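So this one's structure_37.cif, mmCIF, C-alpha atoms:
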data_final
loop_
_atom_site.group_PDB
_atom_site.id
_atom_site.type_symbol
_atom_site.label_atom_id
_atom_site.label_comp_id
_atom_site.auth_asym_id
_atom_site.auth_seq_id
_atom_site.Cartn_x
_atom_site.Cartn_y
_atom_site.Cartn_z
ATOM 1 C CA MET A 12 12.270 -13.649 23.662
ATOM 2 C CA LYS A 13 12.095 -13.517 19.869
ATOM 3 C CA LEU A 14 13.777 -15.962 17.500
ATOM 4 C CA HIS A 15 14.301 -14.690 13.976
ATOM 5 C CA HIS A 16 14.394 -17.856 11.898
ATOM 6 C CA HIS A 17 13.533 -19.618 8.670
ATOM 7 C CA PRO A 18 11.752 -22.996 8.803
ATOM 8 C CA LEU A 19 14.132 -24.628 6.290
ATOM 9 C CA SER A 20 17.308 -23.498 8.040
ATOM 10 C CA GLY A 21 18.931 -26.208 10.115
ATOM 11 C CA HIS A 22 20.875 -23.560 11.993
ATOM 12 C CA ALA A 23 17.590 -21.909 12.952
ATOM 13 C CA HIS A 24 16.014 -25.242 13.822
ATOM 14 C CA ARG A 25 18.727 -26.110 16.331
ATOM 15 C CA ALA A 26 17.990 -22.862 18.181
ATOM 16 C CA ARG A 27 14.240 -23.426 18.053
ATOM 17 C CA LEU A 28 14.658 -27.029 19.179
ATOM 18 C CA PHE A 29 16.701 -26.058 22.222
ATOM 19 C CA LEU A 30 14.242 -23.348 23.223
ATOM 20 C CA SER A 31 11.503 -25.978 23.147
ATOM 21 C CA LEU A 32 13.557 -28.594 25.003
ATOM 22 C CA LEU A 33 14.115 -26.016 27.740
ATOM 23 C CA GLY A 34 10.429 -25.089 27.772
ATOM 24 C CA LEU A 35 11.202 -21.428 27.149
ATOM 25 C CA PRO A 36 8.418 -19.394 25.532
ATOM 26 C CA CYS A 37 9.583 -17.560 22.441
ATOM 27 C CA GLU A 38 7.988 -15.600 19.623
ATOM 28 C CA LEU A 39 9.013 -16.986 16.230
ATOM 29 C CA VAL A 40 9.693 -14.308 13.616
ATOM 30 C CA GLU A 41 10.095 -15.799 10.143
ATOM 31 C CA VAL A 42 12.693 -14.035 7.986
ATOM 32 C CA ASP A 43 11.766 -14.064 4.296
ATOM 33 C CA LEU A 44 15.137 -15.086 2.889
ATOM 34 C CA ALA A 45 13.787 -15.434 -0.647
ATOM 35 C CA ARG A 46 12.881 -11.745 -0.670
ATOM 36 C CA GLY A 47 16.153 -10.717 0.924
ATOM 37 C CA ALA A 48 14.716 -9.729 4.297
ATOM 38 C CA ASN A 49 17.989 -10.841 5.880
ATOM 39 C CA ARG A 50 19.740 -8.020 4.008
ATOM 40 C CA SER A 51 17.381 -5.309 5.199
ATOM 41 C CA PRO A 52 18.839 -2.541 7.387
ATOM 42 C CA GLU A 53 16.605 -3.671 10.250
ATOM 43 C CA PHE A 54 17.884 -7.239 10.149
ATOM 44 C CA LEU A 55 21.510 -6.257 9.572
ATOM 45 C CA ALA A 56 21.279 -4.138 12.711
ATOM 46 C CA LEU A 57 20.604 -7.400 14.567
ATOM 47 C CA ASN A 58 23.176 -9.490 12.693
ATOM 48 C CA PRO A 59 25.614 -7.748 10.324
ATOM 49 C CA PHE A 60 26.372 -11.151 8.760
ATOM 50 C CA GLY A 61 22.788 -11.279 7.475
ATOM 51 C CA GLN A 62 22.174 -14.825 8.679
ATOM 52 C CA VAL A 63 19.489 -16.604 10.682
ATOM 53 C CA PRO A 64 18.943 -17.380 13.461
ATOM 54 C CA VAL A 65 19.056 -14.351 15.722
ATOM 55 C CA LEU A 66 17.736 -14.382 19.279
ATOM 56 C CA GLU A 67 16.439 -11.241 20.954
ATOM 57 C CA ASP A 68 16.150 -11.447 24.733
ATOM 58 C CA GLY A 69 15.238 -8.003 25.952
ATOM 59 C CA GLU A 70 18.238 -5.786 25.250
ATOM 60 C CA THR A 71 20.461 -8.785 24.508
ATOM 61 C CA VAL A 72 20.855 -9.860 20.869
ATOM 62 C CA VAL A 73 22.597 -13.146 20.108
ATOM 63 C CA ALA A 74 23.437 -14.192 16.552
ATOM 64 C CA ASP A 75 24.877 -17.564 15.444
ATOM 65 C CA SER A 76 23.076 -20.787 16.261
ATOM 66 C CA ASN A 77 25.798 -22.318 18.426
ATOM 67 C CA ALA A 78 26.183 -19.062 20.347
ATOM 68 C CA ILE A 79 22.435 -19.120 20.970
ATOM 69 C CA LEU A 80 22.674 -22.666 22.378
ATOM 70 C CA VAL A 81 25.424 -21.572 24.775
ATOM 71 C CA TYR A 82 23.524 -18.424 25.747
ATOM 72 C CA LEU A 83 20.299 -20.285 26.497
ATOM 73 C CA ALA A 84 22.043 -22.969 28.544
ATOM 74 C CA LYS A 85 23.924 -20.348 30.569
ATOM 75 C CA ARG A 86 20.874 -18.100 30.918
ATOM 76 C CA SER A 87 18.859 -21.012 32.271
ATOM 77 C CA GLY A 88 21.612 -22.322 34.520
ATOM 78 C CA ARG A 89 21.312 -25.695 32.787
ATOM 79 C CA THR A 90 24.648 -27.330 33.475
ATOM 80 C CA ASP A 91 23.099 -30.639 32.398
ATOM 81 C CA TRP A 92 23.004 -29.273 28.839
ATOM 82 C CA LEU A 93 26.327 -27.393 29.066
ATOM 83 C CA PRO A 94 28.707 -28.705 31.735
ATOM 84 C CA GLU A 95 30.698 -26.251 33.833
ATOM 85 C CA ASP A 96 33.679 -28.512 34.512
ATOM 86 C CA PRO A 97 36.619 -27.954 32.130
ATOM 87 C CA ALA A 98 36.659 -31.440 30.625
ATOM 88 C CA GLY A 99 32.889 -31.561 30.132
ATOM 89 C CA ALA A 100 32.765 -28.102 28.589
ATOM 90 C CA ALA A 101 35.634 -29.031 26.262
ATOM 91 C CA ARG A 102 33.854 -32.186 25.096
ATOM 92 C CA VAL A 103 30.803 -30.122 24.181
ATOM 93 C CA GLN A 104 32.906 -27.462 22.441
ATOM 94 C CA ARG A 105 34.572 -30.129 20.331
ATOM 95 C CA TRP A 106 31.215 -31.052 18.838
ATOM 96 C CA LEU A 107 30.105 -27.445 18.400
ATOM 97 C CA SER A 108 33.204 -27.061 16.239
ATOM 98 C CA VAL A 109 32.162 -30.134 14.251
ATOM 99 C CA ALA A 110 28.719 -28.602 13.752
ATOM 100 C CA ALA A 111 30.294 -25.406 12.408
ATOM 101 C CA GLY A 112 32.857 -27.301 10.336
ATOM 102 C CA GLN A 113 32.380 -30.828 9.030
ATOM 103 C CA ILE A 114 28.579 -30.788 9.372
ATOM 104 C CA ALA A 115 28.238 -27.396 7.669
ATOM 105 C CA PHE A 116 30.536 -28.402 4.804
ATOM 106 C CA GLY A 117 29.223 -31.962 4.558
ATOM 107 C CA PRO A 118 25.539 -32.855 5.057
ATOM 108 C CA ALA A 119 24.386 -29.231 5.283
ATOM 109 C CA ALA A 120 26.173 -28.320 2.043
ATOM 110 C CA ALA A 121 24.807 -31.406 0.278
ATOM 111 C CA ARG A 122 21.291 -30.352 1.256
ATOM 112 C CA LEU A 123 21.938 -26.814 -0.018
ATOM 113 C CA VAL A 124 22.545 -28.306 -3.469
ATOM 114 C CA THR A 125 19.207 -30.093 -3.703
ATOM 115 C CA VAL A 126 16.947 -27.783 -1.681
ATOM 116 C CA PHE A 127 18.347 -24.376 -2.612
ATOM 117 C CA GLY A 128 20.305 -25.010 -5.814
ATOM 118 C CA ALA A 129 23.705 -24.156 -4.341
ATOM 119 C CA ALA A 130 26.626 -24.546 -6.732
ATOM 120 C CA PHE A 131 28.664 -26.991 -4.677
ATOM 121 C CA ASP A 132 30.205 -30.136 -6.157
ATOM 122 C CA ALA A 133 27.593 -32.668 -5.044
ATOM 123 C CA THR A 134 30.000 -35.619 -5.160
ATOM 124 C CA GLU A 135 32.502 -33.799 -2.985
ATOM 125 C CA VAL A 136 30.086 -32.613 -0.304
ATOM 126 C CA ILE A 137 28.330 -35.996 -0.131
ATOM 127 C CA ALA A 138 31.730 -37.637 0.402
ATOM 128 C CA ARG A 139 32.446 -35.144 3.175
ATOM 129 C CA ALA A 140 29.086 -35.959 4.739
ATOM 130 C CA HIS A 141 29.821 -39.685 4.806
ATOM 131 C CA ALA A 142 33.283 -39.071 6.246
ATOM 132 C CA ILE A 143 31.910 -37.233 9.283
ATOM 133 C CA LEU A 144 28.957 -39.610 9.642
ATOM 134 C CA GLN A 145 31.365 -42.533 9.817
ATOM 135 C CA ARG A 146 33.224 -40.770 12.631
ATOM 136 C CA ILE A 147 29.999 -39.990 14.491
ATOM 137 C CA GLU A 148 28.774 -43.567 13.989
ATOM 138 C CA ALA A 149 31.930 -44.853 15.675
ATOM 139 C CA GLU A 150 31.453 -42.453 18.588
ATOM 140 C CA LEU A 151 27.780 -43.327 19.082
ATOM 141 C CA ALA A 152 28.433 -47.048 18.827
ATOM 142 C CA ALA A 153 30.225 -46.690 22.162
ATOM 143 C CA ARG A 154 27.780 -44.433 24.003
ATOM 144 C CA PRO A 155 24.252 -43.012 23.612
ATOM 145 C CA TRP A 156 25.144 -39.297 23.517
ATOM 146 C CA LEU A 157 27.990 -37.346 21.954
ATOM 147 C CA ALA A 158 29.593 -35.470 24.839
ATOM 148 C CA ALA A 159 28.236 -36.872 28.110
ATOM 149 C CA ASP A 160 26.084 -39.610 29.616
ATOM 150 C CA ARG A 161 23.048 -37.451 28.839
ATOM 151 C CA PRO A 162 22.003 -35.127 26.006
ATOM 152 C CA THR A 163 23.864 -31.823 25.770
ATOM 153 C CA ILE A 164 23.856 -28.919 23.362
ATOM 154 C CA ALA A 165 26.381 -30.941 21.347
ATOM 155 C CA ASP A 166 23.575 -33.299 20.364
ATOM 156 C CA VAL A 167 21.220 -30.409 19.616
ATOM 157 C CA ALA A 168 23.842 -28.723 17.417
ATOM 158 C CA LEU A 169 24.313 -31.791 15.209
ATOM 159 C CA TYR A 170 20.746 -33.109 15.025
ATOM 160 C CA SER A 171 19.070 -30.922 12.386
ATOM 161 C CA TYR A 172 21.428 -31.340 9.450
ATOM 162 C CA ILE A 173 22.002 -35.022 10.156
ATOM 163 C CA VAL A 174 18.298 -35.880 10.245
ATOM 164 C CA ALA A 175 17.888 -33.900 7.000
ATOM 165 C CA ALA A 176 20.940 -35.450 5.327
ATOM 166 C CA PRO A 177 18.838 -37.667 3.006
ATOM 167 C CA GLU A 178 17.430 -34.469 1.443
ATOM 168 C CA GLY A 179 20.976 -33.919 0.170
ATOM 169 C CA ASN A 180 21.261 -37.496 -1.172
ATOM 170 C CA VAL A 181 23.203 -38.654 1.882
ATOM 171 C CA ASP A 182 21.887 -42.075 2.859
ATOM 172 C CA LEU A 183 21.693 -42.737 6.604
ATOM 173 C CA ALA A 184 21.036 -46.464 6.197
ATOM 174 C CA PRO A 185 24.692 -47.437 6.860
ATOM 175 C CA TYR A 186 24.653 -45.701 10.246
ATOM 176 C CA PRO A 187 22.445 -47.601 12.735
ATOM 177 C CA ALA A 188 23.970 -45.925 15.805
ATOM 178 C CA VAL A 189 23.353 -42.486 14.291
ATOM 179 C CA ARG A 190 19.757 -43.388 13.477
ATOM 180 C CA ALA A 191 19.184 -44.680 17.008
ATOM 181 C CA TRP A 192 20.645 -41.428 18.380
ATOM 182 C CA LEU A 193 18.259 -39.397 16.194
ATOM 183 C CA GLY A 194 15.422 -41.412 17.708
ATOM 184 C CA ARG A 195 16.599 -40.657 21.235
ATOM 185 C CA ILE A 196 16.625 -36.928 20.511
ATOM 186 C CA GLU A 197 13.148 -37.152 18.982
ATOM 187 C CA ALA A 198 11.897 -38.852 22.150
ATOM 188 C CA LEU A 199 13.014 -35.979 24.406
ATOM 189 C CA PRO A 200 10.204 -33.946 26.036
ATOM 190 C CA GLY A 201 9.651 -30.753 24.093
ATOM 191 C CA PHE A 202 11.112 -32.048 20.835
ATOM 192 C CA VAL A 203 10.028 -30.166 17.701
ATOM 193 C CA PRO A 204 10.769 -31.655 14.258
ATOM 194 C CA PHE A 205 12.756 -30.015 11.491
ATOM 195 C CA ALA A 206 10.596 -29.183 8.457
ATOM 196 C CA ARG A 207 11.154 -31.851 5.804
ATOM 197 C CA THR A 208 11.455 -31.113 2.079
ATOM 198 C CA GLU A 209 10.749 -33.531 -0.747
ATOM 199 C CA ALA A 210 14.312 -33.368 -2.061
ATOM 200 C CA GLY A 211 17.141 -35.809 -2.649
ATOM 201 C CA LEU A 212 16.360 -39.258 -1.263
ATOM 202 C CA HIS A 213 13.049 -37.901 0.040
ATOM 203 C CA ALA A 214 11.874 -36.889 -3.435
ATOM 204 C CA ALA A 215 8.527 -38.331 -4.399
#

Output the file's structure in the form of structure tokens.
Amino acid sequence: MKLHHHPLSGHAHRARLFLSLLGLPCELVEVDLARGANRSPEFLALNPFGQVPVLEDGETVVADSNAILVYLAKRSGRTDWLPEDPAGAARVQRWLSVAAGQIAFGPAAARLVTVFGAAFDATEVIARAHAILQRIEAELAARPWLAADRPTIADVALYSYIVAAPEGNVDLAPYPAVRAWLGRIEALPGFVPFARTEAGLHAA
């Protein structure tokens, strides 16, 4: 397998993290976003949206980070990471939607402002980040994992941009249950960290 990624992309990290948690060997192919490699004809043939990550598995090409998580869990037959029963699958899907929605437009967007100079309203996206973190804090105060009594791809999907939230000036100090959950993910066998930037609250 090949994973086309960028080390500062949280979307790419969630795919790389899950590959490592599953113990699946994979060649990492870094896409030079700064030079526009994601808009090259070769890359657009893999993903017409021009976004990382993209997974190549033989003749199968999977774009979109959450789709890659689903693909890898199904490919590996890992129903512990992605339940087959309707209620369990729905609980996971709920959080994949949060990853694509409130996380993308909250902590991920706040980080885009400080790390990549995105033209979002920093006050607005930071407020969005705290709104979803408060909801997640309440969920994790009642149980150790988001969607089951064990880690699932729901936890993998949310980890990267939450752990990097301080880079977007989103303080995690008010969320002890979230911080404990981050620690549990980091203690999983095969964990690989998300590259940290000296931005926002992490600035020197």

- Task: Please provide as number ranges by chain all residues within 10 Å of region 112-114 of chain A, with the sequence filter that same-chain residues fewer than 5 positions apart are discarded (counting all atoms listed in the file).
- Result: A: 106-107, 119-121, 136, 139-140, 142-144, 168-173, 176

- Note on the structure: re CA of Asp96 (chain A) and CA of Pro162 (chain A): distance 15.9 Å

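Reported to one decimal place, the separation of CA of Asp43 (chain A) from CA of Leu80 (chain A) is 22.8 Å.
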
- Skipping near chain neighbours, those fewer than 6 positions away, what residues fall within 7 Å of Ala158 (chain A) using only C-alpha atoms, listed as a ChimeraX atom specification? /A:102-103,165

Next, dump the selected residues to file, keeping only C-alpha atoms, as an mmCIF file, in the frame of the given file.
data_model
loop_
_atom_site.group_PDB
_atom_site.id
_atom_site.type_symbol
_atom_site.label_atom_id
_atom_site.label_comp_id
_atom_site.auth_asym_id
_atom_site.auth_seq_id
_atom_site.Cartn_x
_atom_site.Cartn_y
_atom_site.Cartn_z
ATOM 1 C CA ARG A 102 33.854 -32.186 25.096
ATOM 2 C CA VAL A 103 30.803 -30.122 24.181
ATOM 3 C CA ALA A 165 26.381 -30.941 21.347
#

- Query: For the file shown, what are the residues hit by the PyMOL selection byres ((chain A and resi 205) around 7), laid out as a PyMOL selection string?
  - Reply: chain A and resi 24+171+203-204+206-207

- Query: Once the PyMOL selection byres ((chain A and resi 124) around 10) has been applied to the shown file, what residues remain in the selection, as JSON, numbers by chain?
  - Reply: {"A": [119, 120, 121, 122, 123, 125, 126, 127, 128, 129, 130, 131, 132, 133, 136, 178, 179, 180, 210, 211]}

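Distance annotation: of A:Pro97, A:Ala111, A:Pro187, A:Ala74, the residue with the minimal separation from Phe60 (chain A) is A:Ala74; atom set is all atoms listed in the file.
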
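Among A:Pro177, A:Gly99, A:Pro94, A:Gly61, the residue with the shortest atom-to-atom distance to Asp75 (chain A), counting only C-alpha atoms, is A:Gly61.
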
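Separating CA of Ala138 (chain A) from CA of Pro64 (chain A) is a distance of 27.3 Å.
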
What would the list of residues within 10 Å of (16.2, -18.8, 13.2) (file frame) look like as a compact mmCIF listing (two decimals) with C-alpha atoms, in the frame of the given file, if only C-alpha atoms are what count?
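Written out: point_22.txt:
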# COMPACT_ATOMS: atom_id res chain seq x y z
CA LYS A 13 12.10 -13.52 19.87
CA LEU A 14 13.78 -15.96 17.50
CA HIS A 15 14.30 -14.69 13.98
CA HIS A 16 14.39 -17.86 11.90
CA HIS A 17 13.53 -19.62 8.67
CA PRO A 18 11.75 -23.00 8.80
CA LEU A 19 14.13 -24.63 6.29
CA SER A 20 17.31 -23.50 8.04
CA GLY A 21 18.93 -26.21 10.12
CA HIS A 22 20.88 -23.56 11.99
CA ALA A 23 17.59 -21.91 12.95
CA HIS A 24 16.01 -25.24 13.82
CA ARG A 25 18.73 -26.11 16.33
CA ALA A 26 17.99 -22.86 18.18
CA ARG A 27 14.24 -23.43 18.05
CA LEU A 39 9.01 -16.99 16.23
CA VAL A 40 9.69 -14.31 13.62
CA GLU A 41 10.10 -15.80 10.14
CA VAL A 42 12.69 -14.04 7.99
CA GLN A 62 22.17 -14.82 8.68
CA VAL A 63 19.49 -16.60 10.68
CA PRO A 64 18.94 -17.38 13.46
CA VAL A 65 19.06 -14.35 15.72
CA LEU A 66 17.74 -14.38 19.28
CA ALA A 74 23.44 -14.19 16.55
CA ASP A 75 24.88 -17.56 15.44
CA SER A 76 23.08 -20.79 16.26
CA ILE A 79 22.44 -19.12 20.97

Using only C-alpha atoms, list the residues that have an atom at most 12 Å from (21.4, -43.9, 15.9), coordinates as in the file, as a tab-separated table (two decimals) with C-alpha atoms, in the frame of the given file.
chain	number	residue	atom	x	y	z
A	144	LEU	CA	28.96	-39.61	9.64
A	145	GLN	CA	31.36	-42.53	9.82
A	147	ILE	CA	30.00	-39.99	14.49
A	148	GLU	CA	28.77	-43.57	13.99
A	149	ALA	CA	31.93	-44.85	15.68
A	150	GLU	CA	31.45	-42.45	18.59
A	151	LEU	CA	27.78	-43.33	19.08
A	152	ALA	CA	28.43	-47.05	18.83
A	153	ALA	CA	30.22	-46.69	22.16
A	154	ARG	CA	27.78	-44.43	24.00
A	155	PRO	CA	24.25	-43.01	23.61
A	156	TRP	CA	25.14	-39.30	23.52
A	157	LEU	CA	27.99	-37.35	21.95
A	166	ASP	CA	23.58	-33.30	20.36
A	170	TYR	CA	20.75	-33.11	15.02
A	173	ILE	CA	22.00	-35.02	10.16
A	174	VAL	CA	18.30	-35.88	10.24
A	183	LEU	CA	21.69	-42.74	6.60
A	184	ALA	CA	21.04	-46.46	6.20
A	185	PRO	CA	24.69	-47.44	6.86
A	186	TYR	CA	24.65	-45.70	10.25
A	187	PRO	CA	22.44	-47.60	12.74
A	188	ALA	CA	23.97	-45.92	15.80
A	189	VAL	CA	23.35	-42.49	14.29
A	190	ARG	CA	19.76	-43.39	13.48
A	191	ALA	CA	19.18	-44.68	17.01
A	192	TRP	CA	20.64	-41.43	18.38
A	193	LEU	CA	18.26	-39.40	16.19
A	194	GLY	CA	15.42	-41.41	17.71
A	195	ARG	CA	16.60	-40.66	21.24
A	196	ILE	CA	16.62	-36.93	20.51
A	197	GLU	CA	13.15	-37.15	18.98

- Query: Got a sec to resolve the PyMOL selection byres ((chain A and resi 92) around 10) on this structure and send the residues as a PyMOL selection string?
  - Reply: chain A and resi 29+33+80-81+83-85+87-91+93-95+100+103+158-159+161-167

With 3 Å of padding per side, what axis-aligned box (centre and edge lengths, Å, one decimal) covers all the listed atoms of region 75-94 of chain A? Give it as AutoDock Vina command-line options.
--center_x 23.8 --center_y -24.1 --center_z 25.0 --size_x 15.8 --size_y 19.1 --size_z 25.1
